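Trainee: Following this message is one structure expressed as structure tokens.
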Amino acid sequence: MLSIVVLISGGGSNLRALLEAASDRDFPARIVAVGSDTDAAGLAHAEQFGVPTFTVTPTSFADRAAWGDELLQQVEQWTPDLVVCAGFMRILPPRFVGALSPNLINTHPALLPLFPGAHAVRDALAAGATETGVTVHIVDEGVDTGPTLVQRSVAVLPGDTEHVLQERIKVIERDLLVQTVRDIATSTIDLSSIHQSNRSATPS
Ligand code: GAR
């Protein structure tokens, strides 16, 4: 049984999808804790499912590294097999990434490498894209640059606003994230070998 810590910053609809999936006893993963960098509304989903939560606020620390070290300590106390960033809107410091990657994944609302960063849906609309989507990837030290695990595309429709498109993406995203976690738990996706082959493919 794969144990997971989920990190969120917002409403947590992806977290909720994972909690619902994991409440089925046949699902091969369990969420052991949910962390946040803020008083996120989505923490309420964890509480509803009886899953412990923790919040580590960057403003309480001298710098990003110190914040990351405390976040890492909070995460590691649950000894998770996997950490899932599901709408976690902070860049994770190198020590955090180094300690957990490749067992650290993120879901992003675009077809990476297109539209990385915090405003992927807005950026896709501004660029006039006719297609965007979702990427689930291993987190590395860059901003949305780690090896891609899976992607699904979503059409941009005439008249789409950022909110409308974001919600349409999220329907696909929740499904893809749950499926990806299942695939990691059943070793259908092997994070270590993807990480390794990506490293050997990267020129030094
Ligand atoms: C998701 O669409 C996720 O991909 C995005 O935030 C949303 C959170 O939704 N993350 C990023 O943009 C990270 N760059 P949720 O809180 O309802 O799960």
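Just so we're on the same page: first chain in the structure tokens is A, next is B, and so on; residues restart at 1 for each chain, and ligands are numbered from 1 in the order they show up.
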Mind listing the residues within 6 Å of ligand 1, only C-alpha atoms and all ligand atoms counted, as a list of chain:residue names?
Mentor: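 So, counting only C-alpha atoms and all ligand atoms, the residues near ligand 1 are A:Gly10, A:Gly11, A:Gly12, A:Ser13, A:Asn14, A:Leu15, A:Ala86, A:Gly87, A:Met89, A:Thr107, A:His108, A:Pro109, A:Gly117, A:Ala118, A:Lys170.
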Trainee: Go through chain A and collect every residue that DSSP, computed from the backbone, puts in alpha helix (DSSP H); the answer should be as a PDB file with C-alpha atoms, in the first residue's frame.
Mentor:
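Output file selection.pdb is given in full below:
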```
ATOM      1  CA  SER A  13     -10.489  19.584  -5.650  1.00  0.00           C
ATOM      2  CA  ASN A  14      -7.627  17.347  -6.807  1.00  0.00           C
ATOM      3  CA  LEU A  15      -6.950  16.418  -3.195  1.00  0.00           C
ATOM      4  CA  ARG A  16     -10.609  15.544  -2.775  1.00  0.00           C
ATOM      5  CA  ALA A  17     -10.521  13.288  -5.827  1.00  0.00           C
ATOM      6  CA  LEU A  18      -7.549  11.455  -4.304  1.00  0.00           C
ATOM      7  CA  LEU A  19      -9.255  11.189  -0.908  1.00  0.00           C
ATOM      8  CA  GLU A  20     -12.390   9.780  -2.527  1.00  0.00           C
ATOM      9  CA  ALA A  21     -10.395   7.279  -4.592  1.00  0.00           C
ATOM     10  CA  ALA A  22      -8.345   6.217  -1.571  1.00  0.00           C
ATOM     11  CA  LEU A  43      -7.644  21.411   4.159  1.00  0.00           C
ATOM     12  CA  ALA A  44     -11.317  20.976   5.056  1.00  0.00           C
ATOM     13  CA  HIS A  45     -11.489  18.006   2.659  1.00  0.00           C
ATOM     14  CA  ALA A  46      -8.736  16.260   4.617  1.00  0.00           C
ATOM     15  CA  GLU A  47     -10.520  16.947   7.889  1.00  0.00           C
ATOM     16  CA  GLN A  48     -13.757  15.489   6.467  1.00  0.00           C
ATOM     17  CA  ARG A  64      12.890  30.030   1.757  1.00  0.00           C
ATOM     18  CA  ALA A  65      15.486  27.414   2.664  1.00  0.00           C
ATOM     19  CA  ALA A  66      14.474  27.457   6.336  1.00  0.00           C
ATOM     20  CA  TRP A  67      10.807  27.222   5.344  1.00  0.00           C
ATOM     21  CA  GLY A  68      11.586  24.288   3.054  1.00  0.00           C
ATOM     22  CA  ASP A  69      13.521  22.499   5.803  1.00  0.00           C
ATOM     23  CA  GLU A  70      10.563  22.732   8.185  1.00  0.00           C
ATOM     24  CA  LEU A  71       8.149  21.629   5.445  1.00  0.00           C
ATOM     25  CA  LEU A  72      10.438  18.662   4.734  1.00  0.00           C
ATOM     26  CA  GLN A  73      10.521  17.717   8.395  1.00  0.00           C
ATOM     27  CA  GLN A  74       6.722  17.853   8.603  1.00  0.00           C
ATOM     28  CA  VAL A  75       6.385  15.729   5.475  1.00  0.00           C
ATOM     29  CA  GLU A  76       9.033  13.188   6.508  1.00  0.00           C
ATOM     30  CA  PRO A  94      16.552  22.415  -3.526  1.00  0.00           C
ATOM     31  CA  ARG A  95      17.013  20.515  -0.237  1.00  0.00           C
ATOM     32  CA  PHE A  96      13.314  19.580  -0.209  1.00  0.00           C
ATOM     33  CA  VAL A  97      13.431  18.395  -3.815  1.00  0.00           C
ATOM     34  CA  GLY A  98      16.760  16.600  -3.299  1.00  0.00           C
ATOM     35  CA  ALA A  99      15.409  14.674  -0.309  1.00  0.00           C
ATOM     36  CA  LEU A 100      12.182  13.493  -1.979  1.00  0.00           C
ATOM     37  CA  ALA A 120      -0.784  28.401 -17.048  1.00  0.00           C
ATOM     38  CA  VAL A 121      -4.445  28.689 -18.068  1.00  0.00           C
ATOM     39  CA  ARG A 122      -4.327  32.469 -18.423  1.00  0.00           C
ATOM     40  CA  ASP A 123      -1.093  32.183 -20.426  1.00  0.00           C
ATOM     41  CA  ALA A 124      -2.580  29.570 -22.791  1.00  0.00           C
ATOM     42  CA  LEU A 125      -5.565  31.837 -23.488  1.00  0.00           C
ATOM     43  CA  ALA A 126      -3.340  34.885 -23.965  1.00  0.00           C
ATOM     44  CA  GLU A 162      -9.829  31.565 -17.597  1.00  0.00           C
ATOM     45  CA  HIS A 163     -12.290  30.210 -15.035  1.00  0.00           C
ATOM     46  CA  VAL A 164     -14.321  28.164 -17.517  1.00  0.00           C
ATOM     47  CA  LEU A 165     -11.234  26.653 -19.122  1.00  0.00           C
ATOM     48  CA  GLN A 166      -9.604  25.984 -15.757  1.00  0.00           C
ATOM     49  CA  GLU A 167     -12.676  24.113 -14.524  1.00  0.00           C
ATOM     50  CA  ARG A 168     -12.840  22.052 -17.742  1.00  0.00           C
ATOM     51  CA  ILE A 169      -9.153  21.186 -17.350  1.00  0.00           C
ATOM     52  CA  LYS A 170      -9.672  20.210 -13.710  1.00  0.00           C
ATOM     53  CA  VAL A 171     -12.304  17.597 -14.615  1.00  0.00           C
ATOM     54  CA  ILE A 172      -9.688  15.829 -16.741  1.00  0.00           C
ATOM     55  CA  GLU A 173      -6.921  16.575 -14.252  1.00  0.00           C
ATOM     56  CA  ARG A 174      -8.612  14.912 -11.279  1.00  0.00           C
ATOM     57  CA  ASP A 175      -9.139  11.752 -13.276  1.00  0.00           C
ATOM     58  CA  LEU A 176      -5.556  11.763 -14.601  1.00  0.00           C
ATOM     59  CA  LEU A 177      -4.049  12.374 -11.165  1.00  0.00           C
ATOM     60  CA  VAL A 178      -5.981   9.529  -9.554  1.00  0.00           C
ATOM     61  CA  GLN A 179      -5.012   7.196 -12.419  1.00  0.00           C
ATOM     62  CA  THR A 180      -1.355   8.252 -12.188  1.00  0.00           C
ATOM     63  CA  VAL A 181      -1.217   7.629  -8.435  1.00  0.00           C
ATOM     64  CA  ARG A 182      -2.794   4.224  -9.022  1.00  0.00           C
ATOM     65  CA  ASP A 183      -0.196   3.467 -11.710  1.00  0.00           C
ATOM     66  CA  ILE A 184       2.658   4.491  -9.390  1.00  0.00           C
ATOM     67  CA  ALA A 185       1.211   2.362  -6.580  1.00  0.00           C
ATOM     68  CA  LEU A 191       9.438   6.834 -10.986  1.00  0.00           C
ATOM     69  CA  SER A 192      13.059   5.814 -10.365  1.00  0.00           C
ATOM     70  CA  SER A 193      13.630   4.470 -13.856  1.00  0.00           C
ATOM     71  CA  ILE A 194      11.940   7.482 -15.511  1.00  0.00           C
ATOM     72  CA  HIS A 195      14.115   9.781 -13.409  1.00  0.00           C
ATOM     73  CA  GLN A 196      17.217   7.757 -14.247  1.00  0.00           C
ATOM     74  CA  SER A 197      16.598   7.624 -17.993  1.00  0.00           C
ATOM     75  CA  ASN A 198      15.837  11.338 -18.025  1.00  0.00           C
ATOM     76  CA  ARG A 199      19.177  12.001 -16.328  1.00  0.00           C
ATOM     77  CA  SER A 200      21.144   9.909 -18.798  1.00  0.00           C
ATOM     78  CA  ALA A 201      19.364  11.700 -21.667  1.00  0.00           C
TER      79      ALA A 201
END
```
Trainee: When distances are computed from only C-alpha atoms, which of A:Thr55, A:Ser153, A:Asn103, A:Thr161 shows the smallest separation from Val139 in chain A?
Mentor: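 Closest to Val139 in chain A, using only C-alpha atoms: A:Asn103.
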Trainee: Quick one: pick out all strand (DSSP E) residues within range 34-202 of chain A from a backbone DSSP run and write them as a short mmCIF file (atom, residue, chain, number, x, y, z; two decimals) with all heavy atoms, in the first residue's frame.
Mentor:
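Printed below is part_0.cif as written:
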```cif
data_model
loop_
_atom_site.label_atom_id
_atom_site.label_comp_id
_atom_site.auth_asym_id
_atom_site.auth_seq_id
_atom_site.Cartn_x
_atom_site.Cartn_y
_atom_site.Cartn_z
N VAL A 34 -2.02 15.76 4.88
CA VAL A 34 -2.13 16.81 3.87
C VAL A 34 -1.46 18.06 4.44
O VAL A 34 -1.75 18.47 5.57
CB VAL A 34 -3.61 17.11 3.53
CG1 VAL A 34 -3.71 18.29 2.57
CG2 VAL A 34 -4.26 15.87 2.92
N GLY A 35 -0.56 18.65 3.65
CA GLY A 35 0.15 19.84 4.09
C GLY A 35 -0.17 21.03 3.22
O GLY A 35 -0.60 20.88 2.06
N SER A 36 0.06 22.22 3.79
CA SER A 36 -0.18 23.44 3.03
C SER A 36 0.81 24.52 3.45
O SER A 36 1.44 24.42 4.51
CB SER A 36 -1.62 23.92 3.26
OG SER A 36 -1.86 25.06 2.47
N THR A 53 -3.65 17.17 9.10
CA THR A 53 -3.13 18.25 8.26
C THR A 53 -2.02 19.00 8.99
O THR A 53 -1.95 18.97 10.21
CB THR A 53 -4.25 19.27 7.89
OG1 THR A 53 -4.68 19.90 9.09
CG2 THR A 53 -5.42 18.61 7.20
N PHE A 54 -1.21 19.70 8.22
CA PHE A 54 -0.22 20.61 8.80
C PHE A 54 -0.03 21.79 7.86
O PHE A 54 -0.26 21.68 6.65
CB PHE A 54 1.12 19.89 9.07
CG PHE A 54 1.74 19.26 7.84
CD1 PHE A 54 2.60 19.99 7.02
CD2 PHE A 54 1.48 17.94 7.51
CE1 PHE A 54 3.17 19.41 5.90
CE2 PHE A 54 2.05 17.35 6.39
CZ PHE A 54 2.90 18.08 5.59
N THR A 55 0.31 22.94 8.44
CA THR A 55 0.53 24.15 7.64
C THR A 55 1.89 24.74 8.01
O THR A 55 2.19 24.89 9.20
CB THR A 55 -0.58 25.18 7.93
OG1 THR A 55 -1.84 24.57 7.61
CG2 THR A 55 -0.42 26.44 7.08
N LEU A 82 5.31 8.59 -1.36
CA LEU A 82 5.11 9.54 -2.46
C LEU A 82 4.56 10.86 -1.91
O LEU A 82 3.71 10.84 -1.00
CB LEU A 82 4.10 8.95 -3.46
CG LEU A 82 3.73 9.80 -4.68
CD1 LEU A 82 4.92 9.88 -5.65
CD2 LEU A 82 2.51 9.22 -5.41
N VAL A 83 5.04 11.98 -2.45
CA VAL A 83 4.47 13.29 -2.12
C VAL A 83 3.87 13.86 -3.40
O VAL A 83 4.52 13.90 -4.44
CB VAL A 83 5.55 14.23 -1.53
CG1 VAL A 83 4.98 15.61 -1.27
CG2 VAL A 83 6.14 13.63 -0.24
N VAL A 84 2.61 14.27 -3.30
CA VAL A 84 1.89 14.78 -4.46
C VAL A 84 1.58 16.27 -4.27
O VAL A 84 0.88 16.65 -3.32
CB VAL A 84 0.55 14.02 -4.66
CG1 VAL A 84 -0.23 14.60 -5.85
CG2 VAL A 84 0.79 12.53 -4.86
N CYS A 85 2.12 17.10 -5.14
CA CYS A 85 1.76 18.53 -5.14
C CYS A 85 0.52 18.67 -6.01
O CYS A 85 0.56 18.44 -7.23
CB CYS A 85 2.89 19.38 -5.71
SG CYS A 85 4.40 19.32 -4.74
N LEU A 104 8.29 12.58 -5.78
CA LEU A 104 7.68 13.89 -5.57
C LEU A 104 7.11 14.30 -6.93
O LEU A 104 7.88 14.50 -7.88
CB LEU A 104 8.76 14.87 -5.10
CG LEU A 104 8.41 16.34 -4.97
CD1 LEU A 104 7.33 16.54 -3.90
CD2 LEU A 104 9.66 17.15 -4.59
N ILE A 105 5.78 14.36 -7.02
CA ILE A 105 5.16 14.65 -8.32
C ILE A 105 4.25 15.87 -8.21
O ILE A 105 3.83 16.25 -7.11
CB ILE A 105 4.39 13.43 -8.89
CG1 ILE A 105 3.18 13.08 -8.03
CG2 ILE A 105 5.33 12.23 -9.03
CD1 ILE A 105 2.23 12.06 -8.68
N ASN A 106 3.97 16.45 -9.36
CA ASN A 106 3.15 17.66 -9.41
C ASN A 106 2.16 17.54 -10.55
O ASN A 106 2.47 16.93 -11.58
CB ASN A 106 4.06 18.87 -9.66
CG ASN A 106 3.29 20.17 -9.79
OD1 ASN A 106 2.44 20.49 -8.95
ND2 ASN A 106 3.56 20.94 -10.84
N THR A 107 0.99 18.11 -10.37
CA THR A 107 0.06 18.22 -11.49
C THR A 107 0.00 19.67 -11.92
O THR A 107 -0.05 20.59 -11.10
CB THR A 107 -1.33 17.65 -11.14
OG1 THR A 107 -2.18 17.81 -12.28
CG2 THR A 107 -1.98 18.31 -9.95
N HIS A 108 0.03 19.87 -13.25
CA HIS A 108 0.12 21.22 -13.81
C HIS A 108 -0.92 21.38 -14.93
O HIS A 108 -1.01 20.51 -15.81
CB HIS A 108 1.53 21.48 -14.35
CG HIS A 108 1.70 22.85 -14.89
ND1 HIS A 108 1.85 23.95 -14.07
CD2 HIS A 108 1.69 23.31 -16.15
CE1 HIS A 108 1.95 25.04 -14.82
NE2 HIS A 108 1.85 24.68 -16.09
N GLU A 131 -5.45 24.40 -28.03
CA GLU A 131 -5.41 23.17 -27.22
C GLU A 131 -4.47 23.41 -26.05
O GLU A 131 -3.42 24.03 -26.19
CB GLU A 131 -4.86 22.03 -28.09
CG GLU A 131 -4.82 20.71 -27.40
CD GLU A 131 -4.03 19.68 -28.22
OE1 GLU A 131 -2.83 19.89 -28.48
OE2 GLU A 131 -4.62 18.67 -28.57
N THR A 132 -4.87 22.93 -24.88
CA THR A 132 -3.97 22.93 -23.73
C THR A 132 -4.21 21.61 -23.01
O THR A 132 -4.55 20.63 -23.67
CB THR A 132 -4.16 24.19 -22.87
OG1 THR A 132 -3.18 24.19 -21.82
CG2 THR A 132 -5.55 24.33 -22.28
N GLY A 133 -4.03 21.54 -21.71
CA GLY A 133 -4.27 20.25 -21.06
C GLY A 133 -3.68 20.15 -19.68
O GLY A 133 -3.63 21.13 -18.95
N VAL A 134 -3.25 18.95 -19.35
CA VAL A 134 -2.73 18.65 -18.02
C VAL A 134 -1.47 17.81 -18.16
O VAL A 134 -1.41 16.93 -19.02
CB VAL A 134 -3.72 17.77 -17.21
CG1 VAL A 134 -3.23 17.58 -15.78
CG2 VAL A 134 -5.11 18.35 -17.21
N THR A 135 -0.51 18.09 -17.29
CA THR A 135 0.70 17.27 -17.21
C THR A 135 0.91 16.85 -15.77
O THR A 135 0.83 17.68 -14.86
CB THR A 135 1.94 18.09 -17.66
OG1 THR A 135 1.73 18.58 -18.98
CG2 THR A 135 3.21 17.24 -17.62
N VAL A 136 1.18 15.58 -15.55
CA VAL A 136 1.66 15.14 -14.23
C VAL A 136 3.12 14.78 -14.43
O VAL A 136 3.47 14.02 -15.35
CB VAL A 136 0.85 13.94 -13.69
CG1 VAL A 136 1.36 13.55 -12.30
CG2 VAL A 136 -0.65 14.27 -13.64
N HIS A 137 3.98 15.37 -13.59
CA HIS A 137 5.42 15.19 -13.79
C HIS A 137 6.16 15.06 -12.47
O HIS A 137 5.65 15.46 -11.41
CB HIS A 137 5.98 16.38 -14.60
CG HIS A 137 5.90 17.71 -13.88
ND1 HIS A 137 6.95 18.25 -13.17
CD2 HIS A 137 4.87 18.58 -13.74
CE1 HIS A 137 6.57 19.40 -12.65
NE2 HIS A 137 5.32 19.64 -12.97
N ILE A 138 7.37 14.51 -12.55
CA ILE A 138 8.26 14.47 -11.38
C ILE A 138 8.76 15.89 -11.13
O ILE A 138 9.08 16.62 -12.08
CB ILE A 138 9.45 13.50 -11.65
CG1 ILE A 138 8.93 12.06 -11.80
CG2 ILE A 138 10.48 13.60 -10.53
CD1 ILE A 138 10.01 11.05 -12.22
N THR A 148 8.16 14.37 -17.54
CA THR A 148 6.71 14.15 -17.68
C THR A 148 6.36 12.68 -17.48
O THR A 148 7.03 11.80 -18.02
CB THR A 148 6.28 14.61 -19.09
OG1 THR A 148 6.39 16.02 -19.15
CG2 THR A 148 4.84 14.21 -19.39
N LEU A 149 5.31 12.43 -16.71
CA LEU A 149 4.79 11.07 -16.54
C LEU A 149 3.65 10.81 -17.49
O LEU A 149 3.61 9.80 -18.19
CB LEU A 149 4.33 10.85 -15.09
CG LEU A 149 5.39 11.06 -14.01
CD1 LEU A 149 4.76 10.95 -12.63
CD2 LEU A 149 6.50 10.04 -14.17
N VAL A 150 2.68 11.72 -17.51
CA VAL A 150 1.50 11.58 -18.37
C VAL A 150 0.96 12.96 -18.73
O VAL A 150 1.12 13.92 -17.97
CB VAL A 150 0.35 10.80 -17.68
CG1 VAL A 150 0.59 9.31 -17.71
CG2 VAL A 150 0.13 11.26 -16.27
N GLN A 151 0.29 13.02 -19.88
CA GLN A 151 -0.36 14.26 -20.30
C GLN A 151 -1.71 13.93 -20.91
O GLN A 151 -1.88 12.87 -21.50
CB GLN A 151 0.48 14.99 -21.36
CG GLN A 151 1.78 15.52 -20.81
CD GLN A 151 2.51 16.41 -21.79
OE1 GLN A 151 2.74 16.00 -22.92
NE2 GLN A 151 2.89 17.61 -21.37
N ARG A 152 -2.65 14.87 -20.76
CA ARG A 152 -3.92 14.75 -21.49
C ARG A 152 -4.28 16.12 -22.04
O ARG A 152 -4.11 17.12 -21.34
CB ARG A 152 -5.04 14.27 -20.57
CG ARG A 152 -5.41 12.84 -20.88
CD ARG A 152 -6.61 12.40 -20.11
NE ARG A 152 -6.37 11.11 -19.51
CZ ARG A 152 -7.12 10.56 -18.59
NH1 ARG A 152 -8.19 11.20 -18.13
NH2 ARG A 152 -6.85 9.38 -18.11
N SER A 153 -4.78 16.15 -23.26
CA SER A 153 -5.08 17.45 -23.84
C SER A 153 -6.55 17.82 -23.62
O SER A 153 -7.42 16.96 -23.43
CB SER A 153 -4.72 17.48 -25.32
OG SER A 153 -5.42 16.47 -25.97
N VAL A 154 -6.78 19.12 -23.62
CA VAL A 154 -8.12 19.70 -23.45
C VAL A 154 -8.24 20.81 -24.51
O VAL A 154 -7.34 21.64 -24.64
CB VAL A 154 -8.27 20.32 -22.04
CG1 VAL A 154 -9.59 21.06 -21.89
CG2 VAL A 154 -8.14 19.23 -20.96
N ALA A 155 -9.35 20.80 -25.25
CA ALA A 155 -9.55 21.83 -26.28
C ALA A 155 -9.86 23.17 -25.63
O ALA A 155 -10.56 23.24 -24.63
CB ALA A 155 -10.69 21.42 -27.20
#
```
Trainee: From the set A:Ser23, A:Ser9, A:Thr79, A:Thr59, which residue has the shortest atom-to-atom contact distance to Thr38 in chain A, counting only C-alpha atoms?
Mentor: A:Ser9
Trainee: Quick one: pull the distance between CA of Asp37 in chain A and CA of Ile8 in chain A, Å, one decimal.
Mentor: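 Those two atoms sit 7.5 Å apart.
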Trainee: Please report the interatomic distance between CA of Leu2 in chain A and CA of Ala29 in chain A in Å with one decimal.
Mentor: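 So the two atoms, CA of Leu2 in chain A and CA of Ala29 in chain A, lie 4.4 Å apart.
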Trainee: Calculate how many Å separate CA of Gly42 in chain A from CA of Val6 in chain A, rounding to one decimal.
Mentor: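 We find that CA of Gly42 in chain A and CA of Val6 in chain A lie 11.0 Å from each other.
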